Structures are given as C-alpha cells and as structure tokens.
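Student: Structure file model-v8.txt, compact mmCIF, C-alpha atoms, is pasted below:
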```txt
# COMPACT_ATOMS: atom_id res chain seq x y z
CA MET H 1 83.21 122.82 120.23
CA ALA H 2 85.61 122.83 117.31
CA VAL H 3 84.86 120.30 114.62
CA THR H 4 87.84 118.61 112.99
CA THR H 5 87.55 117.41 109.46
CA VAL H 6 89.44 114.55 107.91
CA ASP H 7 91.16 115.20 104.63
CA LYS H 8 89.96 112.17 102.77
CA SER H 9 92.44 112.80 100.00
CA ARG H 10 95.14 111.65 102.42
CA THR H 11 93.58 108.30 103.28
CA PRO H 12 95.48 105.22 102.05
CA LEU H 13 92.63 104.28 99.72
CA ALA H 14 92.58 107.75 98.16
CA ARG H 15 96.36 107.78 97.78
CA ALA H 16 96.21 104.40 96.07
CA ARG H 17 93.48 105.67 93.74
CA ASP H 18 95.48 108.77 92.89
CA ALA H 19 98.61 106.71 92.26
CA VAL H 20 96.70 104.90 89.52
CA TRP H 21 94.41 107.63 88.17
CA ASN H 22 96.61 110.69 88.69
CA PRO H 23 100.08 109.18 88.76
CA SER H 24 103.33 110.98 89.35
CA THR H 25 106.69 109.60 88.33
CA ALA H 26 107.30 108.50 91.92
CA SER H 27 103.96 106.71 92.30
CA MET H 28 104.34 105.13 88.86
CA ARG H 29 107.70 103.76 89.92
CA LEU H 30 106.18 102.28 93.08
CA LEU H 31 103.50 100.56 91.00
CA ALA H 32 106.17 99.16 88.70
CA LEU H 33 108.11 97.90 91.72
CA ALA H 34 104.91 96.26 93.00
CA GLY H 35 104.75 94.40 89.69
CA VAL H 36 108.25 93.05 90.28
CA ALA H 37 107.28 91.98 93.81
CA VAL H 38 104.05 90.18 92.94
CA ASN H 39 105.62 88.30 90.03
CA THR H 40 108.44 87.21 92.32
CA GLY H 41 105.92 86.18 94.96
CA ILE H 42 103.86 84.08 92.56
CA ILE H 43 106.98 82.06 91.73
CA PHE H 44 107.41 81.27 95.42
CA THR H 45 103.76 80.40 96.02
CA GLY H 46 103.67 78.30 92.84
CA GLY H 47 106.66 76.41 94.16
CA ALA H 48 104.86 75.90 97.48
CA VAL H 49 102.00 74.27 95.58
CA ARG H 50 104.38 71.79 93.99
CA LEU H 51 106.43 71.17 97.13
CA THR H 52 103.32 70.32 99.18
CA SER H 53 102.12 67.88 96.48
CA SER H 54 99.15 70.17 95.86
CA GLY H 55 99.69 70.58 92.14
CA LEU H 56 96.50 68.69 91.35
CA GLY H 57 94.66 69.80 94.48
CA CYS H 58 92.19 71.30 92.01
CA PRO H 59 92.18 68.50 89.41
CA THR H 60 90.41 70.49 86.67
CA TRP H 61 90.65 73.94 85.11
CA PRO H 62 89.22 76.59 85.14
CA LYS H 63 86.98 74.98 87.77
CA CYS H 64 88.58 73.51 90.87
CA THR H 65 86.57 70.29 90.53
CA GLY H 66 84.36 69.03 87.77
CA ASP H 67 81.28 70.94 88.94
CA SER H 68 82.59 73.68 91.23
CA LEU H 69 84.78 76.77 90.85
CA ILE H 70 85.81 76.53 94.51
CA PRO H 71 87.19 73.56 96.47
CA THR H 72 84.60 70.96 97.45
CA ALA H 73 84.89 67.48 98.88
CA HIS H 74 86.80 65.24 96.48
CA PRO H 75 87.69 61.59 97.12
CA SER H 76 91.17 61.83 95.58
CA HIS H 77 92.42 65.09 97.08
CA SER H 78 92.75 66.31 100.66
CA PRO H 79 91.11 69.60 101.68
CA ILE H 80 94.53 71.04 102.52
CA ASN H 81 95.94 70.31 99.06
CA MET H 82 92.83 71.74 97.44
CA ALA H 83 93.03 74.88 99.56
CA ILE H 84 96.71 75.42 98.70
CA GLU H 85 96.19 75.02 94.97
CA PHE H 86 93.02 77.12 94.96
CA GLY H 87 94.75 79.82 97.02
CA ASN H 88 97.54 80.04 94.47
CA ARG H 89 94.96 80.41 91.71
CA MET H 90 93.36 83.26 93.62
CA LEU H 91 96.74 85.01 93.94
CA THR H 92 96.70 85.29 90.17
CA PHE H 93 93.98 87.92 90.57
CA LEU H 94 96.30 89.95 92.82
CA VAL H 95 98.99 89.81 90.14
CA LEU H 96 96.40 90.78 87.52
CA ALA H 97 95.18 93.70 89.66
CA ALA H 98 98.75 95.00 89.97
CA ALA H 99 99.25 94.59 86.22
CA VAL H 100 96.04 96.43 85.34
CA ALA H 101 96.85 99.20 87.84
CA VAL H 102 100.28 99.85 86.34
CA PHE H 103 98.81 99.82 82.82
CA VAL H 104 96.15 102.36 83.72
CA ALA H 105 98.76 104.52 85.44
CA ALA H 106 101.03 104.36 82.39
CA ARG H 107 98.13 105.50 80.20
CA ARG H 108 97.27 108.33 82.59
CA LEU H 109 100.82 109.57 83.20
CA ARG H 110 101.46 113.03 81.75
CA PRO H 111 103.34 113.61 79.62
CA ARG H 112 102.55 110.22 78.16
CA ARG H 113 105.55 108.02 77.44
CA PRO H 114 104.67 105.40 74.79
CA GLU H 115 107.43 102.97 75.81
CA LEU H 116 106.06 102.83 79.36
CA VAL H 117 102.57 102.13 78.03
CA VAL H 118 103.87 99.22 75.94
CA LEU H 119 105.85 97.72 78.84
CA ALA H 120 102.87 98.15 81.16
CA ALA H 121 100.49 96.58 78.61
CA LEU H 122 102.67 93.47 78.47
CA GLN H 123 101.98 92.79 82.13
CA PRO H 124 98.23 92.02 82.06
CA ILE H 125 98.81 90.16 78.79
CA GLY H 126 101.45 88.10 80.55
CA VAL H 127 99.15 87.34 83.49
CA LEU H 128 96.44 86.08 81.11
CA ALA H 129 99.04 83.96 79.32
CA GLN H 130 100.14 82.57 82.70
CA ALA H 131 96.56 81.70 83.58
CA GLY H 132 96.15 79.84 80.30
CA LEU H 133 99.47 78.04 80.74
CA GLY H 134 98.47 77.16 84.30
CA GLY H 135 95.36 75.52 82.87
CA VAL H 136 97.48 73.56 80.41
CA THR H 137 99.73 72.50 83.29
CA VAL H 138 96.77 71.09 85.19
CA LEU H 139 95.22 69.44 82.12
CA THR H 140 98.55 67.75 81.28
CA LYS H 141 98.73 66.45 84.86
CA LEU H 142 101.78 68.56 85.75
CA HIS H 143 103.95 67.50 82.84
CA PRO H 144 107.42 68.88 83.68
CA ALA H 145 107.69 70.72 80.34
CA THR H 146 104.60 72.79 81.11
CA VAL H 147 105.71 73.37 84.70
CA SER H 148 109.08 74.60 83.38
CA ALA H 149 107.37 76.90 80.88
CA HIS H 150 105.20 78.25 83.69
CA TYR H 151 108.28 79.24 85.69
CA LEU H 152 110.16 80.68 82.72
CA LEU H 153 107.17 82.82 81.74
CA SER H 154 107.13 84.23 85.28
CA SER H 155 110.83 85.04 84.91
CA ALA H 156 110.07 86.84 81.64
CA MET H 157 107.36 88.84 83.40
CA ILE H 158 109.84 89.82 86.12
CA PHE H 159 112.12 91.09 83.36
CA VAL H 160 109.36 93.24 81.84
CA ALA H 161 108.26 94.56 85.24
CA PHE H 162 111.83 95.38 86.24
CA LEU H 163 112.53 97.09 82.93
CA LEU H 164 109.41 99.21 83.43
CA TYR H 165 110.64 100.12 86.92
CA VAL H 166 113.99 101.18 85.45
CA ARG H 167 112.50 103.14 82.55
CA VAL H 168 110.13 105.11 84.75
CA GLY H 169 113.14 106.44 86.63
CA GLU H 170 115.00 107.38 83.45
CA GLY H 171 114.54 110.00 80.77
CA ASP H 172 113.81 109.25 77.13
CA GLY H 173 117.09 110.49 75.73
CA PRO H 174 119.71 108.18 74.19
CA ALA H 175 121.33 105.72 76.57
CA VAL H 176 124.80 106.79 77.73
CA ARG H 177 127.06 103.92 78.79
CA VAL H 178 129.01 104.47 81.99
CA VAL H 179 131.16 101.34 81.65
CA THR H 180 133.65 100.13 79.08
CA PRO H 181 132.44 98.20 76.00
CA LEU H 182 134.10 95.02 77.32
CA VAL H 183 132.15 95.21 80.58
CA ARG H 184 128.95 95.81 78.66
CA HIS H 185 129.55 92.80 76.40
CA LEU H 186 130.41 90.56 79.34
CA THR H 187 127.28 91.69 81.16
CA SER H 188 125.13 90.87 78.13
CA ALA H 189 126.74 87.42 78.12
CA LEU H 190 125.99 87.12 81.84
CA VAL H 191 122.30 87.80 81.21
CA TRP H 192 122.09 85.01 78.64
CA VAL H 193 124.10 82.61 80.81
CA THR H 194 121.67 83.32 83.65
CA VAL H 195 118.76 82.46 81.36
CA VAL H 196 120.50 79.13 80.68
CA VAL H 197 121.01 78.64 84.43
CA LEU H 198 117.30 79.18 85.08
CA ALA H 199 116.26 76.89 82.24
CA ALA H 200 118.68 74.17 83.39
CA GLY H 201 117.26 74.52 86.89
CA THR H 202 113.78 73.75 85.59
CA VAL H 203 115.13 70.54 84.03
CA VAL H 204 116.64 69.53 87.38
CA THR H 205 113.29 70.27 89.02
CA GLY H 206 111.43 68.32 86.35
CA THR H 207 113.72 65.34 86.93
CA GLY H 208 113.77 65.46 90.72
CA PRO H 209 111.37 64.15 93.35
CA HIS H 210 109.08 67.16 93.93
CA ALA H 211 106.62 66.72 91.08
CA GLY H 212 103.58 68.30 92.71
CA ASP H 213 101.63 65.04 92.60
CA ALA H 214 102.55 61.38 92.98
CA GLN H 215 101.22 60.56 89.52
CA ALA H 216 102.98 63.40 87.66
CA GLU H 217 105.36 62.49 84.87
CA ARG H 218 109.11 63.20 85.22
CA PHE H 219 111.84 63.96 82.71
CA PRO H 220 113.70 60.69 81.92
CA PHE H 221 117.15 62.05 82.84
CA ALA H 222 119.67 61.04 85.49
CA ILE H 223 119.33 63.59 88.29
CA GLU H 224 123.10 63.62 88.87
CA THR H 225 123.76 64.52 85.22
CA VAL H 226 121.27 67.37 84.96
CA ALA H 227 122.29 68.71 88.38
CA ARG H 228 125.93 68.74 87.23
CA ILE H 229 125.03 70.63 84.05
CA HIS H 230 123.02 73.12 86.08
CA GLY H 231 125.96 73.55 88.44
CA LEU H 232 128.42 74.15 85.59
CA THR H 233 126.23 76.86 84.09
CA ALA H 234 125.95 78.47 87.53
CA TRP H 235 129.74 78.46 87.89
CA ALA H 236 129.98 80.14 84.49
CA ALA H 237 127.71 82.89 85.83
CA VAL H 238 129.93 83.22 88.91
CA ALA H 239 133.08 83.49 86.80
CA LEU H 240 131.55 86.16 84.55
CA THR H 241 130.35 88.15 87.55
CA LEU H 242 133.77 88.11 89.22
CA VAL H 243 135.44 89.29 86.01
CA ILE H 244 132.84 92.06 85.60
CA ALA H 245 133.30 93.20 89.21
CA TRP H 246 137.10 93.24 88.78
CA LEU H 247 136.88 95.22 85.53
CA LEU H 248 134.47 97.71 87.09
CA HIS H 249 137.02 98.30 89.84
CA ARG H 250 139.99 98.52 87.49
CA THR H 251 138.27 101.01 85.17
CA ASN H 252 137.00 103.25 87.99
CA ALA H 253 133.37 102.72 87.01
CA PRO H 254 130.69 104.70 88.91
CA ALA H 255 129.61 103.45 92.30
CA ARG H 256 126.15 102.19 91.24
CA PRO H 257 127.29 99.42 88.85
CA ARG H 258 130.06 98.42 91.25
CA ARG H 259 127.58 98.09 94.13
CA ALA H 260 125.19 96.15 91.89
CA ALA H 261 127.99 93.70 91.02
CA HIS H 262 128.80 93.22 94.71
CA VAL H 263 125.13 92.51 95.48
CA LEU H 264 125.07 89.95 92.67
CA ILE H 265 128.17 88.22 94.04
CA GLY H 266 126.43 87.91 97.40
CA ALA H 267 123.29 86.54 95.74
CA LEU H 268 125.32 83.98 93.79
CA VAL H 269 127.15 82.82 96.92
CA ALA H 270 123.90 82.43 98.85
CA GLN H 271 122.13 80.68 96.00
CA GLY H 272 125.06 78.37 95.38
CA PHE H 273 125.30 77.45 99.07
CA ILE H 274 121.60 76.60 99.21
CA GLY H 275 121.82 74.65 95.95
CA TYR H 276 124.68 72.43 97.09
CA LEU H 277 123.17 72.04 100.56
CA GLN H 278 119.83 70.84 99.19
CA TYR H 279 121.62 68.40 96.89
CA TYR H 280 123.65 66.84 99.72
CA LEU H 281 120.60 66.73 102.02
CA GLU H 282 118.59 64.94 99.29
CA VAL H 283 116.48 67.96 98.29
CA PRO H 284 114.29 68.72 101.32
CA ALA H 285 111.21 70.70 100.31
CA VAL H 286 112.01 73.72 102.49
CA LEU H 287 115.41 74.27 100.88
CA VAL H 288 113.96 73.73 97.42
CA GLY H 289 111.43 76.48 98.11
CA ILE H 290 114.15 78.86 99.32
CA HIS H 291 116.26 78.02 96.27
CA LEU H 292 113.29 78.73 94.00
CA LEU H 293 112.72 82.15 95.57
CA GLY H 294 116.45 82.76 95.39
CA SER H 295 116.43 82.11 91.64
CA ALA H 296 113.96 84.96 91.12
CA LEU H 297 115.98 87.30 93.34
CA LEU H 298 119.18 86.30 91.54
CA TRP H 299 117.55 87.13 88.19
CA ILE H 300 116.59 90.55 89.51
CA ALA H 301 120.16 91.11 90.74
CA VAL H 302 121.53 90.27 87.27
CA LEU H 303 119.10 92.71 85.64
CA HIS H 304 120.13 95.34 88.19
CA VAL H 305 123.77 94.94 87.14
CA LEU H 306 122.75 95.34 83.49
CA TYR H 307 120.71 98.51 83.90
CA THR H 308 123.03 100.35 86.29
CA GLN H 309 125.60 100.44 83.49
CA ARG H 310 123.82 103.24 81.65
CA VAL H 311 122.08 106.53 82.23
CA ARG H 312 119.31 108.02 80.11
CA PRO H 313 118.77 111.76 80.45
CA ASP H 314 115.63 113.57 79.34
CA ALA H 315 115.28 113.89 75.61
```
Produce structure tokens that represent the structure in this file.
Tutor:
Amino acid sequence: MAVTTVDKSRTPLARARDAVWNPSTASMRLLALAGVAVNTGIIFTGGAVRLTSSGLGCPTWPKCTGDSLIPTAHPSHSPINMAIEFGNRMLTFLVLAAAVAVFVAARRLRPRRPELVVLAALQPIGVLAQAGLGGVTVLTKLHPATVSAHYLLSSAMIFVAFLLYVRVGEGDGPAVRVVTPLVRHLTSALVWVTVVVLAAGTVVTGTGPHAGDAQAERFPFAIETVARIHGLTAWAAVALTLVIAWLLHRTNAPARPRRAAHVLIGALVAQGFIGYLQYYLEVPAVLVGIHLLGSALLWIAVLHVLYTQRVRPDA
C-alpha cells in the first residue's frame, strides 16, 4: 500500500510562521494589510462598547474588577456589559499580535529596509500606548476628551499601518509624482481637512447621548452647533475631493489616482448619507456604529488617494 506524506510546510500554520520568520515582499505586504484591518476593527469594537453602555463594564484597570482580571459578579454592572468591555480588552492582544508579527517580519526581511523596520516598530508601540490610554479612559470614567484621544490614536495607527503597506510595495528610490503640483497640494490639504473632520466628529460624539455609561461626563456644547461644524468640515472635504477628481481628469493623470478619487467620492457620499440620517433619526446606536466604522474606511480612502499620486522605483 502506498503511503502518502503530508508536506507540513504547506499547512496554514507553517505558512503563517514562514510569513513572519522568512518573509517575502508579498507576505510582508499581507501582514501590513492585516495591521490596517485590525486597527480598523478595534475602532468598530470600541464603538460597540460605548454604544451598548458597556464602557465601564469593567470598572477598573488593568483588572476588570477590583480583585479580578476577568469579569466576575458585580452589583453595579450587568454580566453582558462586563463581557462586552472585557472582550474588547482581549481584542487588544490580537492587535498586539499582528503588530509584533509585522515588526518581526520587517526585521527578518532581506534585504533589510530600515524605513519598514521603523514603521513596523511604531505599531506595537502604538498598541501599548492605546492600552495605557484605555486605562486612563476607564479611570477618568469615560471622560469624552480621553475617549476622543483613544479614537484619534487609532486613526494615527491606521495611518502608520497603511503607510507600511504602501512602502512594502514600493522601491526605495526617490518618489516620482504622477500628478500636477496643484493636485498634490490640494490632496495634502484634503488630508489635513480630513483630520479636522475626524477630530470634530469626536467632539460631536463627546457631546451626544452615547457616552458609554449613564454617569459619564459630556462636553458642555450644544449638539446642534458641534454637529453643524462637523458637517461644514465634511463638506469642505467633499469640495476638495471633487476638485481633485476633476483636475485628475483634466490633466490625464494615470488611472490609479483617478480610481482612488472615485472611490473616495463614493465613501464620502455614503458617510454623509449615514451622518445626516443618524442626525434626523436622533442618533440611533446602530447608525452611529456604522458611521464610526465608515470614518475609519473614509480615512483609508483619503490615504489611498494620497499615495497613488506617486511611484517609487528601486534605488
């Protein structure tokens, strides 16, 4: 009887190990993309914690309760809220694992590319900073300033992870612009306007009804005023994107930046529709969660527009 042998090097576990320990450019890029995905996902799950009023489901940090690392019976918090908050804390370890994996891969990649190592090193550092800021958020009883900082740090980590993804797929030669200087300047302005949009959105969130806990403090602003400011900044982003897309067409720019601009227009339309809908429906939690996820995807779409406007050949 013939005996068949299994090539263990082709098992999923072995392929995952090799992607980290013996990385190729392709596997390194997949790891970088995983970093983008997990940092986007943690924004959504963090929002779910707040939208289910589970922000203080674990009322202490780093322990869940005063004497236990894991959820135990607590008179002031339901088991469901504790499970949701504790589950989100555990997801931090998944994000950390992805960050450590991409850092190890960047160190092992041959030939070594120092810029990739630096970008990869920022990811586990960022996760540890997020964990510490999460502790501050709990200890300040979900003060909206710390909640906002928590979200903005996640957005910064998405930026680093996405830049790593882009750089792995490029060479290390000088950047060659494939668009006109005007388009490049307008796109840089769009990036900063988007940062303002995201920051203004956190103020709206910190003023609105979904605090994460009934006792959490709120920003002392009129919700209509901050929502209007947020909306105006979003319209500025829309106007800039439309001008960029028009200029890309008029100047016969390559297909990649034009497609990226079209994707961004679609993302802006979808995000704007959800934003206005949630406002008129008095901010139902489901739409707020979708809008929160959409903000991360919109940020990625803006970064995609930025980095498709150049090529970097091998040095």
Student: Atom CA of Thr233 of chain H to atom CA of Val183 of chain H: how many Å, to one decimal?
Tutor: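 Straight-line distance from atom CA of Thr233 of chain H to atom CA of Val183 of chain H works out to 19.6 Å.
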Student: If you count all atoms listed in the file, which residues fall within 7 Å of Met157 of chain H, apart from same-chain ones fewer than 5 positions away, as number ranges by chain?
Tutor: H: 39, 123, 126
Student: Write out the residues from the selection above, keeping C-alpha atoms, as a PDB file, keeping the file's coordinate frame.
Tutor:
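Writing done, so here's result04.pdb:
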```
ATOM      1  CA  ASN H  39     105.620  88.300  90.030  1.00  0.00           C
ATOM      2  CA  GLN H 123     101.980  92.790  82.130  1.00  0.00           C
ATOM      3  CA  GLY H 126     101.450  88.100  80.550  1.00  0.00           C
TER       4      GLY H 126
END
```
Student: Mind checking which residues fall within 7 Å of Arg312 of chain H, counting only C-alpha atoms, ignoring those fewer than 5 positions away in the same chain, and posting them as a PyMOL selection string?
Tutor: chain H and resi 170-176
Student: Within 12 Å of Gly87 of chain H, counting all atoms listed in the file, which residues qualify if same-chain residues fewer than 6 places away don't, as a PDB file with C-alpha atoms, keeping the file's coordinate frame?
Tutor:
```
ATOM      1  CA  ILE H  42     103.860  84.080  92.560  1.00  0.00           C
ATOM      2  CA  THR H  45     103.760  80.400  96.020  1.00  0.00           C
ATOM      3  CA  GLY H  46     103.670  78.300  92.840  1.00  0.00           C
ATOM      4  CA  ALA H  48     104.860  75.900  97.480  1.00  0.00           C
ATOM      5  CA  VAL H  49     102.000  74.270  95.580  1.00  0.00           C
ATOM      6  CA  SER H  54      99.150  70.170  95.860  1.00  0.00           C
ATOM      7  CA  GLY H  55      99.690  70.580  92.140  1.00  0.00           C
ATOM      8  CA  GLY H  57      94.660  69.800  94.480  1.00  0.00           C
ATOM      9  CA  CYS H  58      92.190  71.300  92.010  1.00  0.00           C
ATOM     10  CA  CYS H  64      88.580  73.510  90.870  1.00  0.00           C
ATOM     11  CA  ILE H  70      85.810  76.530  94.510  1.00  0.00           C
ATOM     12  CA  PRO H  71      87.190  73.560  96.470  1.00  0.00           C
ATOM     13  CA  PRO H  79      91.110  69.600 101.680  1.00  0.00           C
ATOM     14  CA  ILE H  80      94.530  71.040 102.520  1.00  0.00           C
ATOM     15  CA  ASN H  81      95.940  70.310  99.060  1.00  0.00           C
ATOM     16  CA  PHE H  93      93.980  87.920  90.570  1.00  0.00           C
ATOM     17  CA  LEU H  94      96.300  89.950  92.820  1.00  0.00           C
TER      18      LEU H  94
END
```
Student: Within 12 Å of Ser27 of chain H, counting only C-alpha atoms, which residues show up once you throw out same-chain ones fewer than 4 positions away? Write them as a PyMOL selection string, please.
Tutor: chain H and resi 15-23+31-34+101-102+105-106+108-109+165+168-169
Student: With all atoms listed in the file as the basis for distance, which of H:Arg112, H:Leu182, H:Thr92, H:Val117 is at the shortest distance from Gly132 of chain H?
Tutor: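 Of H:Arg112, H:Leu182, H:Thr92, H:Val117, the one nearest Gly132 of chain H, counting all atoms listed in the file, is H:Thr92.
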Student: Within 9 Å of Trp299 of chain H, counting only C-alpha atoms, which residues show up once you throw out same-chain ones fewer than 2 positions away? Write them as a list of chain:residue names, please.
Tutor: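 My list of contacting residues is H:Ser155, H:Ile158, H:Phe159, H:Val191, H:Thr194, H:Val195, H:Leu198, H:Gly294, H:Ser295, H:Ala296, H:Leu297, H:Ala301, H:Val302, H:Leu303, H:His304.
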Student: Which is closer to Pro220 of chain H than all the others in H:Leu186, H:Ala145, H:Ala270, H:Ala156, using all atoms listed in the file?
Tutor: H:Ala145
Student: What does the distance between atom CA of Ile244 of chain H and atom CA of Leu298 of chain H come to in Å, to one decimal place?
Tutor: 16.0 Å
Student: For a quick check of understanding, using all atoms listed in the file, which of H:Ala199, H:Val226, H:Ala260, H:Leu247 has the smallest distance to Leu153 of chain H?
Tutor: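 Using all atoms listed in the file, Leu153 of chain H sits closest to H:Ala199.
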